[in-house]
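Trainee: Handing over protein-v9.pdb, PDB, C-alpha atoms.
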ATOM      1  CA  MET R1280     -36.039 -29.208  20.886
ATOM      2  CA  PRO R1281     -33.639 -28.119  18.120
ATOM      3  CA  ASP R1282     -34.776 -27.925  14.503
ATOM      4  CA  ARG R1283     -33.637 -31.097  12.689
ATOM      5  CA  ARG R1284     -34.098 -29.772   9.140
ATOM      6  CA  PRO R1285     -30.876 -29.478   7.167
ATOM      7  CA  SER R1286     -29.459 -26.013   6.755
ATOM      8  CA  HIS R1287     -29.049 -24.711   3.246
ATOM      9  CA  ASP R1288     -27.155 -21.576   4.266
ATOM     10  CA  ASP R1289     -24.304 -22.333   1.856
ATOM     11  CA  LEU R1290     -26.723 -22.480  -1.073
ATOM     12  CA  VAL R1291     -28.503 -19.313   0.088
ATOM     13  CA  ASP R1292     -25.124 -17.571   0.387
ATOM     14  CA  HIS R1293     -24.198 -18.717  -3.118
ATOM     15  CA  LEU R1294     -27.461 -17.362  -4.557
ATOM     16  CA  VAL R1295     -26.963 -14.017  -2.810
ATOM     17  CA  ARG R1296     -23.421 -13.768  -4.224
ATOM     18  CA  THR R1297     -24.304 -14.818  -7.767
ATOM     19  CA  THR R1298     -27.715 -13.208  -8.289
ATOM     20  CA  SER R1299     -29.525 -10.010  -7.424
ATOM     21  CA  LEU R1300     -31.588 -11.829  -4.788
ATOM     22  CA  GLN R1301     -31.620 -10.607  -1.213
ATOM     23  CA  ARG R1302     -31.017 -13.214   1.505
ATOM     24  CA  GLY R1303     -34.717 -13.641   2.354
ATOM     25  CA  GLU R1304     -35.640 -14.027  -1.313
ATOM     26  CA  ALA R1305     -32.859 -16.549  -1.883
ATOM     27  CA  ALA R1306     -33.958 -18.573   1.145
ATOM     28  CA  ARG R1307     -37.538 -18.611  -0.149
ATOM     29  CA  VAL R1308     -36.356 -19.768  -3.598
ATOM     30  CA  VAL R1309     -34.361 -22.608  -2.042
ATOM     31  CA  LEU R1310     -37.358 -23.729   0.027
ATOM     32  CA  ASP R1311     -39.665 -23.509  -3.005
ATOM     33  CA  VAL R1312     -37.307 -25.617  -5.131
ATOM     34  CA  LEU R1313     -36.922 -28.207  -2.373
ATOM     35  CA  ALA R1314     -40.709 -28.401  -1.940
ATOM     36  CA  TYR R1315     -41.138 -28.813  -5.699
ATOM     37  CA  PHE R1316     -38.765 -31.766  -5.819
ATOM     38  CA  ASP R1317     -40.201 -33.267  -2.632
ATOM     39  CA  GLU R1318     -43.625 -33.572  -4.280
ATOM     40  CA  LYS R1319     -44.882 -37.166  -4.355
ATOM     41  CA  THR R1320     -45.539 -38.754  -7.742
ATOM     42  CA  GLU R1321     -49.297 -38.882  -7.200
ATOM     43  CA  ASP R1322     -49.394 -35.206  -6.209
ATOM     44  CA  PHE R1323     -47.266 -34.273  -9.228
ATOM     45  CA  VAL R1324     -49.576 -36.198 -11.592
ATOM     46  CA  ARG R1325     -52.705 -34.564 -10.155
ATOM     47  CA  ARG R1326     -51.165 -31.079 -10.205
ATOM     48  CA  ARG R1327     -49.877 -31.380 -13.782
ATOM     49  CA  HIS R1328     -53.240 -32.793 -14.911
ATOM     50  CA  ARG R1329     -55.027 -29.751 -13.449
ATOM     51  CA  GLU R1330     -52.489 -27.334 -14.970
ATOM     52  CA  LEU R1331     -52.601 -28.878 -18.431
ATOM     53  CA  GLN R1332     -56.381 -29.256 -18.369
ATOM     54  CA  SER R1333     -56.807 -25.602 -17.400
ATOM     55  CA  GLY R1334     -54.583 -24.742 -20.367
ATOM     56  CA  GLY R1335     -57.054 -26.448 -22.692
ATOM     57  CA  ALA R1336     -55.293 -29.777 -23.243
ATOM     58  CA  VAL R1337     -57.348 -32.953 -23.585
ATOM     59  CA  ASN R1338     -56.764 -36.078 -21.495
ATOM     60  CA  THR R1339     -55.112 -38.057 -24.297
ATOM     61  CA  GLU R1340     -52.362 -35.486 -24.681
ATOM     62  CA  ILE R1341     -52.255 -34.679 -20.947
ATOM     63  CA  PHE R1342     -51.451 -38.239 -19.868
ATOM     64  CA  GLU R1343     -48.892 -38.713 -22.645
ATOM     65  CA  ARG R1344     -47.179 -35.482 -21.632
ATOM     66  CA  ILE R1345     -47.153 -36.400 -17.935
ATOM     67  CA  ALA R1346     -45.723 -39.828 -18.789
ATOM     68  CA  ALA R1347     -42.952 -38.090 -20.744
ATOM     69  CA  GLU R1348     -42.213 -35.639 -17.891
ATOM     70  CA  LEU R1349     -42.005 -38.172 -15.040
ATOM     71  CA  PRO R1350     -38.608 -39.669 -15.957
ATOM     72  CA  HIS R1351     -37.085 -36.182 -15.777
ATOM     73  CA  ARG R1352     -38.053 -35.549 -12.156
ATOM     74  CA  ALA R1353     -35.146 -35.250  -9.705
ATOM     75  CA  VAL R1354     -35.942 -38.724  -8.394
ATOM     76  CA  ALA R1355     -37.732 -40.458 -11.212
ATOM     77  CA  PRO R1356     -40.512 -42.803 -10.131
ATOM     78  CA  PRO R1357     -40.975 -46.208 -11.729
ATOM     79  CA  GLU R1358     -42.489 -45.991 -15.208
ATOM     80  CA  LEU R1359     -46.273 -45.647 -15.040
ATOM     81  CA  SER R1360     -48.658 -46.640 -17.820
ATOM     82  CA  LEU R1361     -51.237 -44.183 -19.136
ATOM     83  CA  ARG R1362     -53.875 -46.275 -17.345
ATOM     84  CA  GLN R1363     -52.013 -45.959 -14.034
ATOM     85  CA  LEU R1364     -51.792 -42.189 -14.512
ATOM     86  CA  ARG R1365     -55.542 -41.984 -15.168
ATOM     87  CA  ARG R1366     -56.201 -44.019 -12.018
ATOM     88  CA  ILE R1367     -54.111 -41.581  -9.960
ATOM     89  CA  VAL R1368     -56.231 -38.675 -11.196
ATOM     90  CA  TYR R1369     -59.658 -40.306 -11.267
ATOM     91  CA  GLY R1370     -59.300 -43.114  -8.727
TER      92      GLY R1370
END
Output the file's structure in the form of structure tokens.
Mentor:
Amino acid sequence: MPDRRPSHDDLVDHLVRTTSLQRGEAARVVLDVLAYFDEKTEDFVRRRHRELQSGGAVNTEIFERIAAELPHRAVAPPELSLRQLRRIVYG
């Protein structure tokens, strides 16, 4: 059965032409960026909470920062309250 995933060869070619990346590196970058933007809102909230917490931030500032970051995602989710963000992390 043929692979149904879209080809991003044109973007990989562009990166190879305009950067010092080799083709394999450029392809990996494209896949990494696509995976980053494909991340579900709940997964993003949990990941950012872990990252910010490991950097020493406290929950009050963590949830405010996450709330400020969400509208800038490639496909912004509906606005979530600080309580909704806490529920995503802690259930």
Trainee: Please enumerate the residues selected by the PyMOL selection byres ((chain R and resi 1325-1330) around 12) when evaluated against the supplied file, formatted as a PyMOL selection string.
Mentor: chain R and resi 1315+1318-1324+1331-1349+1364-1370
Trainee: How far is it from atom CA of R:His1351 to atom CA of R:Asp1317, in Å with one decimal?
Mentor: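 Computing the Euclidean distance for atom CA of R:His1351 and atom CA of R:Asp1317 yields 13.8 Å.
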Trainee: Would you work out the distance separating atom CA of R:Val1291 from atom CA of R:Ala1306, expressed in Å to one decimal?
Mentor: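 Between atom CA of R:Val1291 and atom CA of R:Ala1306 the gap is 5.6 Å.
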Trainee: Please compute the atom CA of R:Val1312-atom CA of R:Ala1355 distance, one decimal, in Å.
Mentor: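 Straight-line distance from atom CA of R:Val1312 to atom CA of R:Ala1355 works out to 16.0 Å.
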Trainee: Could you give me the axis-aligned bounding box of stretch 1311-1319 of chain R, with 3 Å of padding per side, as centre plus edge lengths in Å to one decimal, as lines of an AutoDock Vina configuration file?
Mentor:
center_x = -40.9
center_y = -30.3
center_z = -3.9
size_x = 14.0
size_y = 19.7
size_z = 9.9
